[in-house]
Amino acid sequence: MNNEWLLSLFGGACIGIAVSLMLLLNGRVTGISGILNGVLVPEKGDTGWRVFFVGGLLVGGALLTVLRPESFFDTTGTSLGQVIIAGLLVGFGTVMGSGCTSGHGVCGVSRLSIRSLVATATFIFAGILSVWIVRFFLGGHL
Amino acid sequence: MKNILVAFVVGVLFALGLGISGMTQPQKVIGFLDIFANWDPSLLFVMGGAVGVHWVTYRWIVKRPAPLFSARWHLPQKTDLTYALVIGSLLFGVGWGLAGFCPGPALTSLASLQVKPIYFVLSMIVGMYLFRLFDKFFPAKR
């Protein structure tokens, strides 16, 4: 097992501890698309924690930018148009599908939720298909 | 107040976990989905670490009558498989593979002030609003 994979495992464990704290203390699932969607369409008394969670992500991102800038090295050749289409699909799809990699993939799979298991298998399958299509039919980028 | 502080700390820890694990580097996500070329298993280790921890803690935590800082649990109750769940996850997966970003890493990467995460997050927010509009005209059970 190489060093990079160990870091991935360790980072993953940090995520596991983070979602466990959210559950033990606040009693909630850490589903990032759902949390963000709740900020966009605020409900009274259910918005503050969401804003602060997103703020926490940004502060964590700022710490990484300062202490470990290689965390944000991007060697992909994706175009801005590709990124914009991707963002639209991710926003639309995660609200329609009630979750993303965190809510379904980490929290839901850990809870053995049948909905999350189906969603996770579906978005991994679609992701593989998407990368394959871009690579073989469109020559690597849009 | 406590809930807000918890959400903030969880957000920071989650972001650090994403950065350390390599998930804020879109080439690692695309590399994981690229099973027909140079497959990068990093994401599997991240999921392994996160689910491995939460698998154990979840079962221990929900034995409690309630979370520590809330009167009750706020866990998803839906159990039925719907078209929206599957189609939404398909759309999300396509976007995920197209840019190598899902909501958590994209929000975390905003702090690096790079162009792609900014465009991705803005279009993701537009996508979330677009789904709400779509849902008004074609409401479906989620």
# chains A, B, ... in the order shown; residues from 1 in each chain; ligands from 1
$ residues_around --residues "stretch 27-31 of chain A" --least-positions-apart "4" --cutoff "7 Å" --atoms "only C-alpha atoms" --output "VMD selection string"
(chain A and resid 19 22 to 23 35 99 to 100 102 to 103 107) or (chain B and resid 67 70 72 to 75)
$ write_last_selection --atoms "C-alpha atoms" --output "short mmCIF file (atom, residue, chain, number, x, y, z; two decimals), in the first residue's frame"
data_model
loop_
_atom_site.label_atom_id
_atom_site.label_comp_id
_atom_site.auth_asym_id
_atom_site.auth_seq_id
_atom_site.Cartn_x
_atom_site.Cartn_y
_atom_site.Cartn_z
CA VAL A 19 -20.11 12.76 10.15
CA MET A 22 -22.69 15.51 13.48
CA LEU A 23 -24.84 12.47 14.28
CA ILE A 35 -27.33 21.25 3.56
CA GLY A 99 -28.29 13.46 -1.94
CA CYS A 100 -24.70 13.22 -3.08
CA SER A 102 -21.61 12.51 1.47
CA GLY A 103 -25.28 11.98 2.31
CA CYS A 107 -23.81 8.36 5.70
CA PRO B 67 -28.44 12.99 20.25
CA SER B 70 -30.95 17.90 20.21
CA ARG B 72 -34.61 14.00 18.78
CA TRP B 73 -32.95 12.36 15.78
CA HIS B 74 -33.28 14.05 12.38
CA LEU B 75 -32.59 11.02 10.17
#
$ residues_around --residues "stretch 113-115 of chain A" --least-positions-apart "2" --cutoff "8 Å" --atoms "only C-alpha atoms" --output "ChimeraX atom specification"
/A:104,108-111,117-119 /B:78-81,85
$ residues_around --residues "stretch 42-44 of chain B" --least-positions-apart "2" --cutoff "8 Å" --atoms "only C-alpha atoms" --output "JSON, numbers by chain"
{"A": [4, 5, 8], "B": [21, 22, 23, 28, 29, 32, 40, 46, 47, 48]}
$ closest_residue --among "A:Leu67, A:Ala121, A:Leu138, A:Met96" --to "B:Phe131" --atoms "only C-alpha atoms"
A:Met96
$ closest_residue --among "A:Val106, A:Gly48, A:Asn37, A:Gly139" --to "A:Ala18" --atoms "only C-alpha atoms"
A:Val106
$ atom_distance --atom1 "atom CA of B:Ile87" --atom2 "atom CA of B:Val121"
21.2 Å
$ atom_distance --atom1 "atom CA of B:Leu90" --atom2 "atom CA of A:Gly127"
8.1 Å
$ atom_distance --atom1 "atom CA of B:Val86" --atom2 "atom CA of A:Val90"
13.5 Å
$ residues_around --residues "A:Val41" --least-positions-apart "6" --cutoff "12 Å" --atoms "only C-alpha atoms" --output "JSON list (two decimals) with N, CA and C atoms, in the first residue's frame"
[["chain", "number", "residue", "atom", "x", "y", "z"],
["A", 34, "GLY", "N", -27.77, 18.50, 0.40],
["A", 34, "GLY", "CA", -28.99, 18.84, 1.13],
["A", 34, "GLY", "C", -28.80, 20.04, 2.04],
["A", 35, "ILE", "N", -27.62, 20.12, 2.67],
["A", 35, "ILE", "CA", -27.33, 21.25, 3.56],
["A", 35, "ILE", "C", -27.28, 22.54, 2.75],
["A", 47, "THR", "N", -31.69, 27.05, 9.43],
["A", 47, "THR", "CA", -30.76, 27.56, 8.44],
["A", 47, "THR", "C", -29.39, 27.88, 9.04],
["A", 50, "ARG", "N", -26.73, 25.24, 8.97],
["A", 50, "ARG", "CA", -26.32, 24.94, 7.59],
["A", 50, "ARG", "C", -25.29, 25.96, 7.10],
["A", 51, "VAL", "N", -25.57, 27.24, 7.38],
["A", 51, "VAL", "CA", -24.65, 28.30, 6.97],
["A", 51, "VAL", "C", -23.29, 28.09, 7.64],
["A", 95, "VAL", "N", -30.46, 17.39, -5.92],
["A", 95, "VAL", "CA", -31.73, 17.71, -5.25],
["A", 95, "VAL", "C", -32.80, 16.71, -5.67],
["B", 125, "ILE", "N", -25.46, 25.87, -7.89],
["B", 125, "ILE", "CA", -26.55, 26.59, -7.22],
["B", 125, "ILE", "C", -27.68, 26.87, -8.22],
["B", 128, "MET", "N", -29.63, 23.74, -8.72],
["B", 128, "MET", "CA", -30.54, 23.45, -7.60],
["B", 128, "MET", "C", -31.84, 24.25, -7.74],
["B", 129, "TYR", "N", -31.70, 25.53, -8.13],
["B", 129, "TYR", "CA", -32.89, 26.35, -8.35],
["B", 129, "TYR", "C", -33.68, 25.84, -9.56],
["B", 132, "ARG", "N", -35.95, 23.10, -8.64],
["B", 132, "ARG", "CA", -37.17, 23.57, -7.95],
["B", 132, "ARG", "C", -38.22, 24.03, -8.95]]
$ select_by_dssp --residues "stretch 21-139 of chain B" --states "alpha helix (DSSP H)" --output "MDAnalysis selection string"
chainID B and resid 21 26:33 42:61 83:99 103:110 115:137
$ closest_residue --among "A:Arg135, A:Gly38, A:Ile15, A:Gly77" --to "chain B" --atoms "only C-alpha atoms"
A:Ile15
$ residues_around --residues "B:Ala140" --least-positions-apart "6" --cutoff "10 Å" --atoms "only C-alpha atoms" --output "VMD selection string"
(chain A and resid 96) or (chain B and resid 82 to 84 134)
